[in-house]
Amino acid sequence: MSSAQGQPVPHPFDPLTSQEIRLGHRILQSAFPGVQLRINRIDLQEPIKKDVIPYIEAERLGRPLPKKPARLLYSYFHRLDTGACCKALLNADDASVVYAKELPAGVQIPIDVDEITEIEKLCMEHPAVLAEIEKLKLPQGVTVCNDPWMYGTDNIHETRRLFQCFMYIMSVDHPENNHYSIPCKFSPVFDGHTRELVRMDYLPGGSDTQTAETQPWKPVKTIQYAHDLLDEPLRTDLKPYIVQQPEGASFSVTGNKVYWQKWRFRVGFNNRDGLVLYNLTYDNRNVLYRLSISEMTVPYGDPRAPYHRKQAFDVGDVGFGLNANQLSLGCDCLGHIKYFDGYRSDSKGQPVRLKNIICMHEQDNGLQHKHTNYRSGAATVVRNRQLVLQMICTVANYEYIFAYILDQVANIELEVRATGILSTVPFDNTNGETVKWGTNVGPGVMAPFHQHMFSLRIDPAIDGFKNTVYYQDSVPLPEDENNPYLVGYTTEETTIGRSGTANTDINRHRVFKIRNDNVINPITYKPVAYKLQTAPSQMLIMPKHAIGYQRAEFASKPIWVTRYQDDELYAAGEFTNQSKRANGVETWVQRNDVTENEDVVLWHTFGLTHNPRIEDFPVMPMERISVMLKPDGFFTKNPALDVPQSTQNFNKSTLHPESCCESVKSKI
C-alpha cells in the first residue's frame, strides 16, 4: 500500500520518516503562500485510538486487515510576518491541512535545537555581554561560554518568548572541559523573537539576594572529570568484561516490530516523548496499548532571584527525543546490539537524521527462580534473561538514562538513572559560608537542592481495552473469635471508579492494580490483572499557591487516573514552556469521568529529591529509581516454567585460576 506521494504507508505506530517531514513542510508552504515560516517542529500525531484498535486486533488475531488509520502529522511554527506561534494538523495520506491555528497570546511552543544554537551565538556576540566579559579581565586563552535556559515563569502577564543565559568560564581549551565548575555572576535575558537583550541579571554571590557589578576574575582551578584532564592516574587493575552471544540475540526485528520470547511490541519514537512502546502483547494476549514518560519537571530550591525561575520541563519545554544521544557500541550498551534511528525537522522544515538513539539488547539479571529439594539435593535453576530498550538524553548539564526492561515472567520495568553534571551557581564560600538550600562543591561554586519528578503514562490493555484501576491495602483482621492469636491479616480493595488521584502508603503496603472485569482467572476466580510496583517518592516541595506548583500539579500526587481521550498525552499539558499553570491531569480528573470498566489511563508520578553531595561533582555517579508492572492473576501459574534450565554447557562460565597460596590451603 502506498501513500498519495508513492511512498509505502507506515504502520500506525511507526516513527516519522524523512519523506514525511518534507511532505509536511510542502503542505505548510502551500497553506501559507508568500509567508515566511520558521519551523519549530514537524512530528507524528498519535493516531486516533478507536481507529487503531480494530487494525492491531486484526494483526494479533491473524485476520484480514482493515483500512489503516489516517496518518497524521502536526507542526509548531512561527509566522515571521506577524510573530505568531501557530499549530497545524496535517493529513499525510492526502497531503491536506486538517487545521492551522494561531495559538493564544502567551502560549509558547517548545524550544528547538536550532533556536538554542542561535540564542547561544547571539549571547556570545552581543555588545553588552562582551562588555561584561571584558570586566572579568581573563588571562590569555581563557574564554566564556553560555547555556541558554528556558525562562520559567514568575509573572502571569509575561507574553514574550524569553531565554535566560547562564555564563561560565572556560579555563581549558578542551571539548570536555567542565565549565560548570566556574559559573559567572552575570546572566543576560534575551527575547527569542526580537533577539533583543531584555536585561542583564546580576547573580547573588552569597546567602542573601545582594548582587554586585562584574569584577575581575580571581582564578581558581577547574574541577575536571575528563580522563585526560585529571591530575590523578587512572586505575590499572580493571580487566575487560566482554559480553558475547556467539549465536546472536534471541530477538528478531521486522521494521520497528520486535519479537522476543513471548513478547511482541512496536518501538516508537517522537521528538517529545522520545522512546515509546506500543501494543505490547505476551503470548498473544494484550497487556499495554502504549507506554511512555509523559513529562518531567526539575524545580530548583534556591530561593534567590533569578534562580526561583529554574524549573525545567524536559519533555514539554524541549523534548527527550530532540535531546537523545547517538549511542555507541561498547560504551552505552554491551553485547549484541540492535539500534533504532529517528528524525527531527530543522527550522527550515528539512529532516535531520538522529542516528542510533535507541539501543536494544539482552542481559542476564541473575536467577529467575531456583529450588533445591533438600531430600534429594536435586536443584532446578533458571536464570533471568531480560530484553532492554534504552534511550539516553542530555539536557544541557544532566543526562537521563531510560531503560524499559522486559523479562520472561511477563514483567515490565522502567529504570531511570540520573547522571551528568550538577547545575551550579556562583557562591563566595572562601570564608566557610554555606547555605541551607545547597551544597558547596568547589571553590566559588555551589549546587542548589532540586527535585527530578517524572510522570509515567500507562495506557493499559489487560486482556482488552476496558480496564479498572484499584488499590489494595494489607490490614489486620479484626480482633475477634476468628483471630484469637491476633496474627491474621487480609486485604482491602478500593476501586477508583471515577477520574481522580490516590496516594501511596508504605504503612499499608498499598499496591495499585489494573484489572479486566470481563476476564476471570479460572483458578483465583478474580479478574485478570497487572500490578504497579510504585516508586514511593516525595512530591513537590512547594505550596499550592506557588506558580511552580500550578505549572506542575501532576507532581503533587503519585497516582492519577483518567478516562482516555485522544490528545491527552502529557501530564502537565501540551504547552509547558513559560506556562502559568498546567492544563493536564489536574484538569482532566475534574471531569469526574467514570473509570470503572472503561478505557482508562494510569499516570504514576515518581522522582528523586536531590540534595547534592560533594561526591556528585564534577560528574555525578548515577542515581537509580525503578517502577515495575507485574502480572497479578493474569496467568494460572509461573509463566516462566518453560524457560530452559541453566547449565554450564549453555553458559560456559570459567574458573578463576587458583594462586599458589590457595592451592596450598586446599591441600591442608
# chains A, B, ... in the order shown; residues from 1 in each chain; ligands from 1
call {"tool": "select_by_dssp", "arguments": {"residues": "segment 43-129 of chain A", "states": "strand (DSSP E)", "output": "ChimeraX atom specification"}}
result
/A:43-44,72-79,85-91,96-102
call {"tool": "residues_around", "arguments": {"residues": "Glu102 of chain A", "least_positions_apart": "3", "cutoff": "12 Å", "atoms": "only C-alpha atoms", "output": "PyMOL selection string"}}
result
chain A and resi 75-79+82-88+99+105-109
call {"tool": "write_last_selection", "arguments": {"atoms": "N, CA and C atoms", "output": "PDB file, in the first residue's frame"}}
result
ATOM      1  N   SER A  75       2.533  20.217  13.300  1.00  0.00           N
ATOM      2  CA  SER A  75       3.669  21.130  13.228  1.00  0.00           C
ATOM      3  C   SER A  75       3.422  22.318  14.136  1.00  0.00           C
ATOM      4  N   TYR A  76       4.468  22.710  14.861  1.00  0.00           N
ATOM      5  CA  TYR A  76       4.512  24.010  15.523  1.00  0.00           C
ATOM      6  C   TYR A  76       5.403  24.901  14.658  1.00  0.00           C
ATOM      7  N   PHE A  77       5.007  26.149  14.495  1.00  0.00           N
ATOM      8  CA  PHE A  77       5.824  27.053  13.686  1.00  0.00           C
ATOM      9  C   PHE A  77       5.512  28.500  14.053  1.00  0.00           C
ATOM     10  N   HIS A  78       6.413  29.385  13.667  1.00  0.00           N
ATOM     11  CA  HIS A  78       6.218  30.825  13.829  1.00  0.00           C
ATOM     12  C   HIS A  78       5.994  31.457  12.461  1.00  0.00           C
ATOM     13  N   ARG A  79       4.980  32.312  12.397  1.00  0.00           N
ATOM     14  CA  ARG A  79       4.839  33.192  11.230  1.00  0.00           C
ATOM     15  C   ARG A  79       5.787  34.367  11.426  1.00  0.00           C
ATOM     16  N   THR A  82       4.057  38.027  11.320  1.00  0.00           N
ATOM     17  CA  THR A  82       3.310  38.534  12.485  1.00  0.00           C
ATOM     18  C   THR A  82       3.945  38.151  13.814  1.00  0.00           C
ATOM     19  N   GLY A  83       4.884  37.173  13.788  1.00  0.00           N
ATOM     20  CA  GLY A  83       5.488  36.697  15.031  1.00  0.00           C
ATOM     21  C   GLY A  83       4.612  35.725  15.790  1.00  0.00           C
ATOM     22  N   ALA A  84       3.473  35.324  15.227  1.00  0.00           N
ATOM     23  CA  ALA A  84       2.526  34.463  15.938  1.00  0.00           C
ATOM     24  C   ALA A  84       3.044  33.039  16.033  1.00  0.00           C
ATOM     25  N   CYS A  85       2.791  32.400  17.193  1.00  0.00           N
ATOM     26  CA  CYS A  85       3.009  30.963  17.366  1.00  0.00           C
ATOM     27  C   CYS A  85       1.802  30.232  16.796  1.00  0.00           C
ATOM     28  N   CYS A  86       2.021  29.206  16.002  1.00  0.00           N
ATOM     29  CA  CYS A  86       0.926  28.503  15.342  1.00  0.00           C
ATOM     30  C   CYS A  86       1.097  26.994  15.475  1.00  0.00           C
ATOM     31  N   LYS A  87      -0.017  26.300  15.283  1.00  0.00           N
ATOM     32  CA  LYS A  87      -0.024  24.846  15.228  1.00  0.00           C
ATOM     33  C   LYS A  87      -0.872  24.419  14.046  1.00  0.00           C
ATOM     34  N   ALA A  88      -0.411  23.389  13.339  1.00  0.00           N
ATOM     35  CA  ALA A  88      -1.178  22.830  12.233  1.00  0.00           C
ATOM     36  C   ALA A  88      -1.243  21.321  12.381  1.00  0.00           C
ATOM     37  N   TYR A  99      -6.244  21.375  10.079  1.00  0.00           N
ATOM     38  CA  TYR A  99      -6.471  22.720  10.601  1.00  0.00           C
ATOM     39  C   TYR A  99      -5.128  23.413  10.771  1.00  0.00           C
ATOM     40  N   ALA A 105      -2.177  34.290  22.795  1.00  0.00           N
ATOM     41  CA  ALA A 105      -1.038  35.110  23.239  1.00  0.00           C
ATOM     42  C   ALA A 105      -0.493  34.572  24.549  1.00  0.00           C
ATOM     43  N   GLY A 106       0.814  34.462  24.630  1.00  0.00           N
ATOM     44  CA  GLY A 106       1.441  33.968  25.850  1.00  0.00           C
ATOM     45  C   GLY A 106       1.738  32.489  25.827  1.00  0.00           C
ATOM     46  N   VAL A 107       1.093  31.720  24.940  1.00  0.00           N
ATOM     47  CA  VAL A 107       1.409  30.296  24.802  1.00  0.00           C
ATOM     48  C   VAL A 107       2.711  30.174  24.020  1.00  0.00           C
ATOM     49  N   GLN A 108       3.669  29.506  24.601  1.00  0.00           N
ATOM     50  CA  GLN A 108       4.972  29.353  23.964  1.00  0.00           C
ATOM     51  C   GLN A 108       5.169  27.909  23.534  1.00  0.00           C
ATOM     52  N   ILE A 109       5.463  27.700  22.261  1.00  0.00           N
ATOM     53  CA  ILE A 109       5.776  26.365  21.766  1.00  0.00           C
ATOM     54  C   ILE A 109       7.153  25.959  22.289  1.00  0.00           C
TER      55      ILE A 109
END
call {"tool": "residues_around", "arguments": {"residues": "segment 54-56 of chain A", "least_positions_apart": "6", "cutoff": "9 Å", "atoms": "only C-alpha atoms", "output": "count of residues only"}}
result
7
call {"tool": "closest_residue", "arguments": {"among": "A:Arg272, A:Lys49, A:His509, A:Lys310", "to": "Pro536 of chain A", "atoms": "only C-alpha atoms"}}
result
A:His509
call {"tool": "closest_residue", "arguments": {"among": "A:Thr153, A:Val585, A:Ile625, A:Trp263", "to": "Asn284 of chain A", "atoms": "only C-alpha atoms"}}
result
A:Trp263
call {"tool": "residues_around", "arguments": {"residues": "Pro299 of chain A", "least_positions_apart": "5", "cutoff": "6 Å", "atoms": "only C-alpha atoms", "output": "PyMOL selection string"}}
result
chain A and resi 311+450-451
call {"tool": "select_by_dssp", "arguments": {"residues": "segment 48-186 of chain A", "states": "alpha helix (DSSP H)", "output": "ChimeraX atom specification"}}
result
/A:49-61,113-125,127-135
call {"tool": "residues_around", "arguments": {"residues": "Val445 of chain A", "least_positions_apart": "4", "cutoff": "6 Å", "atoms": "only C-alpha atoms", "output": "NGL selection string"}}
result
:A and (425-427)
call {"tool": "write_last_selection", "arguments": {"atoms": "C-alpha atoms", "output": "short mmCIF file (atom, residue, chain, number, x, y, z; two decimals), in the first residue's frame"}}
result
data_model
loop_
_atom_site.label_atom_id
_atom_site.label_comp_id
_atom_site.auth_asym_id
_atom_site.auth_seq_id
_atom_site.Cartn_x
_atom_site.Cartn_y
_atom_site.Cartn_z
CA VAL A 425 25.73 28.70 40.66
CA PRO A 426 28.47 31.13 41.75
CA PHE A 427 28.93 31.34 45.50
#
call {"tool": "residues_around", "arguments": {"residues": "Asp463 of chain A", "least_positions_apart": "5", "cutoff": "12 Å", "atoms": "only C-alpha atoms", "output": "list in words"}}
result
Glu57, Asn279, Leu280, Thr281, Tyr282, Asp283, Asn284, Arg285, Asn286, Val287, Leu288, Tyr289, Thr468, Ile514, Arg515, Asn516, Asp517, Asn518, Val519, Ile520, Asn521, Pro527, Val528, Ala529, Tyr530, Pro631, Gly633, Phe634 and Phe635 of chain A
call {"tool": "closest_atom_pairs", "arguments": {"of": "segment 206-291 of chain A", "to": "segment 181-187 of chain A", "cutoff": "7 Å", "atoms": "only C-alpha atoms", "output": "tab-separated table"}}
result
residue	atom	partner	partner_atom	distance
A:Thr214	CA	A:Lys185	CA	6.7
A:Thr222	CA	A:Ser181	CA	5.7
A:Ile223	CA	A:Ser181	CA	5.9
call {"tool": "atom_distance", "arguments": {"atom1": "atom CA of His11 of chain A", "atom2": "atom CA of Asp43 of chain A"}}
result
15.2 Å
call {"tool": "residues_around", "arguments": {"residues": "Arg591 of chain A", "least_positions_apart": "5", "cutoff": "12 Å", "atoms": "only C-alpha atoms", "output": "PyMOL selection string"}}
result
chain A and resi 498-500+561-565+584-586
